[in-house]
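Trainee: One structure, pasted below without further comment.
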Amino acid sequence: MTEPRPEPQPLLAPLTSSAIFLVATIEPGGERTVRDLLSEVPGLARAVGFRAPESRLSCVVGVGSDAWDRLFAGPRPAELHPLEERVGRVHRAPSTPGDLLFHIRGQRMDMCFELAGRLAGRLANAAAVVDEVHGFKYFDNRDLLGFVDGTENPVGSPAYRAVVIDETLDPGADAAFAGGSYVVVQKYLHDLTAWNALPTEAQERAVGRTKLADVELDDDVKPADSHVALNTVEDEAGNELQILRMNMPFGSVERGEYGTYFIGYCKTPSVIERMLDNMFLGDPPGTHDRLLDFSTAVTGSLYFVPSQDFLDDPPPAPGAADTTEPVPETASEPASEARAEPDAADAHAGSLRIGSLKRSTTR
Ligand code: HEM
């Protein structure tokens with residue numbers, strides 16, 4: 001009998017009307033608590049979401065390159081690395097800190113917020129949330145520039161093929177991390193005053209699609225520096241390379257902030273990185289994405305998104321003996337005390353506590 005495929009995290013969940021993006025960095029010594037939490041994320045999302053199934057609450061968690069080696073012994077995802085900064089002639093894409101990414105989605109912001117609060121509560125003292133963005137659906141899935149965002153996303157099996165590592169479909173894929181994916185996030189702030197001063201036709205040439213009807217411009221009128229032209233990439237055989245985007249608008253009238261939170265999943269980060277090269281450095285070099293003249297990237301980070309199976313049964317912590325059997329905690333040691341005193345050096349004990357904490361959430 002063939003083994004079931006590793007189950008991906010809910011990457012392929014459809015776009016929702018609300019989302020919260022949390023980026024966190026792990027404090028020194030916080031590794032054990034974070035390991036415990038990672039395996040509990042699916043259970044927490046289920047527990048919060050169960051009371052309102054119509055809210056379609058889901059959470060995907062990604063792990064950054066430096067954090068990976070602090071959390072897990074054994075092989076690393078083959079293409080996991082920190083996002084490189086890109087410095088174009090005119091625009092720059094920064095690389096900013098991020099050990100963990102939580103992409104929380106739902107039809108109701110209260111549900112997203114409840115889950116975000118529980119995750120942050122569990123991370124207290126072990127990790128610091130360094131960026132939090134609350135995204136909302138704006139009219140018919142438009143960004144704050146007024147254009148429909150997400151139209152050309154793959155759906156169904158093309159979406160799975162684009163984002164999930166699966167060596168049965170891609171011989172040579174990273175089989176040890178099957179069911180996983182990569183994700184890149186960037187927070188962009190728009191200069192809406194300058195953008196709104198452009199005539200609609202000029203905006204359409206910047207995006208490469210019409211504004212009201214959301215139809216792609218013909219190749220003979222679509223400029224080479226339009227967003228769509230620079231983000232249409234192919235392999236050597238001429239096949240289009242796709243990513244799955246779940247961008248959300250966000251903002252604050254008080255701070256005068258009007259933004260797009262870009263989030264792109266792909267089975268290899270190289271496709272997203274090629275798009276970033278095209279946008280910031282140009283293709284051919286020098287022709288940057290016209291959208292960037294009105295949109296500034298203020299954050300940027302890259303994560304590996306392990307499969308659900310990996311989260312359920314992670315490899316040992318670095319330096320820990322390879323124990324697969326959870327050992328019961330001693331009766332005198334409450335779980336909260338175990339969490340309150342994270343000790344990276346005591347990795348052996350840390351790996352054993354995962355079993356017990358996981359059980360406590362599923363009860
Ligand atoms: C300021 C941030 C961004 C905004 C406002 C934005 C907006 C849009 C819009 C309106 C479209 C056209 C409709 C659609 O197919 O979704 C689009 C397409 C697309 N965008 Fe972006 N985007 C942003 C950043 C990015 C980044 C950083 C990437 C990749 C690294 C990216 C990749 C793509 C791709 C692949 C397409 C589809 C191209 C096609 O096949 O037609 N976008 N984006």
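Naming works like this for the structure tokens: A, B, ... for the chains as they're shown, residue 1 at the start of each chain, ligands 1 onward in shown order.
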Give me, as a PyMOL selection string, all polymer residues having an atom no more than 6 Å from Leu189 in chain A, counting only C-alpha atoms and skipping those fewer than 6 positions away in the same chain.
Mentor: chain A and resi 258-259+295-296
Trainee: Give me a file of those residues, with C-alpha atoms, as an mmCIF file, in the first residue's frame.
Mentor:
```cif
data_model
loop_
_atom_site.group_PDB
_atom_site.id
_atom_site.type_symbol
_atom_site.label_atom_id
_atom_site.label_comp_id
_atom_site.auth_asym_id
_atom_site.auth_seq_id
_atom_site.Cartn_x
_atom_site.Cartn_y
_atom_site.Cartn_z
ATOM 1 C CA TYR A 258 -2.721 53.066 2.464
ATOM 2 C CA GLY A 259 -1.073 49.781 1.673
ATOM 3 C CA SER A 295 4.285 51.890 -3.921
ATOM 4 C CA THR A 296 7.176 51.607 -1.447
#
```
Trainee: Output the neighbourhood of ligand 1 as number ranges by chain, that is, all protein and nucleic acid residues with some atom at most 6 Å from the ligand, counting only C-alpha atoms and all ligand atoms.
Mentor: A: 143, 147-152, 188, 228, 231-232, 260, 262, 272, 275-276, 295
Trainee: Could you give me, as number ranges by chain, each residue of range 24-161 of chain A that DSSP assigns to strand (DSSP E or B) when run on this structure's backbone?
Mentor: A: 24-26, 58-63, 86-87, 92-93, 100-106, 127-136, 142, 148
Trainee: How far is it from CA of Gly282 in chain A to CA of Leu145 in chain A, in Å with one decimal?
Mentor: 21.6 Å
Trainee: Which residue gives the smallest distance to Ala206 in chain A among A:His288, A:Lys187, A:His134, A:Arg161, with only C-alpha atoms counted?
Mentor: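 Selected residue with least distance to Ala206 in chain A: A:His288.
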Trainee: Give me, as an MDAnalysis selection string, all polymer residues having an atom no more than 7 Å from Glu132 in chain A, counting only C-alpha atoms and skipping those fewer than 4 positions away in the same chain.
Mentor: chainID A and resid 21:23
Trainee: Env of Gln242 in chain A: 7 Å cut, atoms = only C-alpha atoms, seq-sep filter 2 positions within chain, self excluded. Answer as a PyMOL selection string.
Mentor: chain A and resi 162+240+244
Trainee: Write out, as a PDB file, in the first residue's frame, the residues just selected, with N, CA and C atoms.
Mentor:
```
ATOM      1  N   ALA A 162       1.496  24.610  -8.512  1.00  0.00           N
ATOM      2  CA  ALA A 162       2.355  25.800  -8.420  1.00  0.00           C
ATOM      3  C   ALA A 162       2.970  25.953  -7.034  1.00  0.00           C
ATOM      4  N   GLU A 240       4.428  29.058 -18.531  1.00  0.00           N
ATOM      5  CA  GLU A 240       4.306  30.136 -17.555  1.00  0.00           C
ATOM      6  C   GLU A 240       4.531  29.592 -16.138  1.00  0.00           C
ATOM      7  N   LEU A 244       0.959  31.727  -6.074  1.00  0.00           N
ATOM      8  CA  LEU A 244      -0.384  31.957  -5.536  1.00  0.00           C
ATOM      9  C   LEU A 244      -0.316  33.166  -4.608  1.00  0.00           C
TER      10      LEU A 244
END
```
Trainee: Would you mind listing what lies within 12 Å of Val207 in chain A as a ChimeraX atom specification, with only C-alpha atoms counted and same-chain residues fewer than 5 positions away left out?
Mentor: /A:143,145-149,195,200-202,214-217,221-231,279,289-294
Trainee: Hey, can you spit out that residue selection with N, CA and C atoms as a short mmCIF file (atom, residue, chain, number, x, y, z; two decimals), in the first residue's frame?
Mentor:
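Generated output (selection_32.cif):
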```
data_model
loop_
_atom_site.label_atom_id
_atom_site.label_comp_id
_atom_site.auth_asym_id
_atom_site.auth_seq_id
_atom_site.Cartn_x
_atom_site.Cartn_y
_atom_site.Cartn_z
N ASP A 143 -7.34 46.31 -4.74
CA ASP A 143 -6.34 46.90 -3.86
C ASP A 143 -6.69 48.37 -3.69
N LEU A 145 -5.27 50.80 -4.77
CA LEU A 145 -5.05 51.55 -6.01
C LEU A 145 -6.30 51.49 -6.88
N GLY A 146 -7.26 50.67 -6.47
CA GLY A 146 -8.54 50.59 -7.18
C GLY A 146 -8.63 49.47 -8.20
N PHE A 147 -7.60 48.62 -8.29
CA PHE A 147 -7.59 47.53 -9.28
C PHE A 147 -7.91 46.19 -8.61
N VAL A 148 -8.60 45.33 -9.34
CA VAL A 148 -8.89 43.99 -8.82
C VAL A 148 -7.56 43.24 -8.73
N ASP A 149 -7.30 42.65 -7.58
CA ASP A 149 -6.00 42.01 -7.32
C ASP A 149 -6.22 40.52 -7.02
N TRP A 195 -0.85 58.72 -7.16
CA TRP A 195 -1.54 57.72 -7.99
C TRP A 195 -2.87 58.26 -8.51
N THR A 200 -6.95 57.58 -15.51
CA THR A 200 -7.22 56.13 -15.42
C THR A 200 -6.42 55.35 -16.47
N GLU A 201 -6.31 55.90 -17.67
CA GLU A 201 -5.59 55.16 -18.73
C GLU A 201 -4.12 54.96 -18.35
N ALA A 202 -3.53 55.95 -17.68
CA ALA A 202 -2.12 55.81 -17.27
C ALA A 202 -2.00 54.77 -16.15
N ASP A 214 -11.34 44.98 -15.41
CA ASP A 214 -10.28 44.05 -15.02
C ASP A 214 -9.89 43.09 -16.15
N VAL A 215 -9.72 43.66 -17.34
CA VAL A 215 -9.32 42.85 -18.50
C VAL A 215 -7.87 43.17 -18.84
N GLU A 216 -7.07 42.13 -19.15
CA GLU A 216 -5.66 42.36 -19.45
C GLU A 216 -5.52 43.16 -20.75
N LEU A 217 -4.59 44.12 -20.76
CA LEU A 217 -4.37 44.92 -21.97
C LEU A 217 -3.75 44.02 -23.04
N VAL A 221 -0.41 47.03 -26.58
CA VAL A 221 -0.57 48.28 -25.82
C VAL A 221 -0.04 48.16 -24.38
N LYS A 222 0.23 46.94 -23.96
CA LYS A 222 0.69 46.74 -22.57
C LYS A 222 2.18 47.09 -22.48
N PRO A 223 2.53 48.14 -21.69
CA PRO A 223 3.94 48.53 -21.65
C PRO A 223 4.83 47.47 -21.00
N ALA A 224 6.12 47.47 -21.40
CA ALA A 224 7.07 46.48 -20.86
C ALA A 224 7.31 46.70 -19.37
N ASP A 225 7.06 47.94 -18.89
CA ASP A 225 7.29 48.18 -17.46
C ASP A 225 5.99 48.07 -16.66
N SER A 226 4.94 47.52 -17.26
CA SER A 226 3.69 47.34 -16.50
C SER A 226 3.89 46.18 -15.53
N HIS A 227 3.10 46.22 -14.46
CA HIS A 227 3.20 45.20 -13.41
C HIS A 227 2.94 43.81 -13.98
N VAL A 228 1.92 43.69 -14.80
CA VAL A 228 1.58 42.37 -15.34
C VAL A 228 2.67 41.86 -16.28
N ALA A 229 3.20 42.74 -17.13
CA ALA A 229 4.24 42.29 -18.07
C ALA A 229 5.46 41.77 -17.31
N LEU A 230 5.87 42.50 -16.27
CA LEU A 230 7.09 42.10 -15.54
C LEU A 230 6.87 40.88 -14.66
N ASN A 231 5.62 40.59 -14.35
CA ASN A 231 5.36 39.44 -13.49
C ASN A 231 4.85 38.22 -14.26
N MET A 279 10.69 43.32 -11.08
CA MET A 279 10.02 44.54 -10.62
C MET A 279 11.02 45.62 -10.21
N ASP A 289 9.26 48.22 -12.41
CA ASP A 289 7.79 48.14 -12.42
C ASP A 289 7.22 49.54 -12.14
N ARG A 290 6.38 50.02 -13.02
CA ARG A 290 5.79 51.36 -12.89
C ARG A 290 5.00 51.50 -11.58
N LEU A 291 4.43 50.39 -11.07
CA LEU A 291 3.67 50.46 -9.81
C LEU A 291 4.56 50.93 -8.67
N LEU A 292 5.87 50.64 -8.77
CA LEU A 292 6.78 51.00 -7.67
C LEU A 292 6.96 52.50 -7.55
N ASP A 293 6.63 53.25 -8.61
CA ASP A 293 6.72 54.72 -8.49
C ASP A 293 5.63 55.25 -7.55
N PHE A 294 4.69 54.38 -7.20
CA PHE A 294 3.59 54.79 -6.32
C PHE A 294 3.46 53.86 -5.11
#
```
Trainee: So which one's closest to Leu12 in chain A, A:Phe310, A:Phe72, A:Tyr265, A:Phe280? Using only C-alpha atoms, please.
Mentor: A:Tyr265
Trainee: Find the spatial neighbours of Met111 in chain A, counting only C-alpha atoms, within a cut-off of 8 Å - ignore same-chain residues fewer than 2 positions away - and output them as a VMD selection string.
Mentor: chain A and resid 48 to 49 55 57 106 108 to 109 113 to 115
Trainee: Using the selection just defined, write its residues with C-alpha atoms as a CSV table (one decimal), in the first residue's frame.
Mentor:
```
chain,number,residue,atom,x,y,z
A,48,VAL,CA,-11.2,28.8,17.5
A,49,GLY,CA,-12.8,28.2,14.2
A,55,SER,CA,-15.9,32.1,9.1
A,57,LEU,CA,-10.8,30.4,9.8
A,106,GLY,CA,-11.2,34.2,7.8
A,108,ARG,CA,-14.7,37.4,10.1
A,109,MET,CA,-12.0,39.7,11.6
A,113,PHE,CA,-8.2,38.4,15.9
A,114,GLU,CA,-9.1,35.8,18.5
A,115,LEU,CA,-6.7,33.3,16.9
```
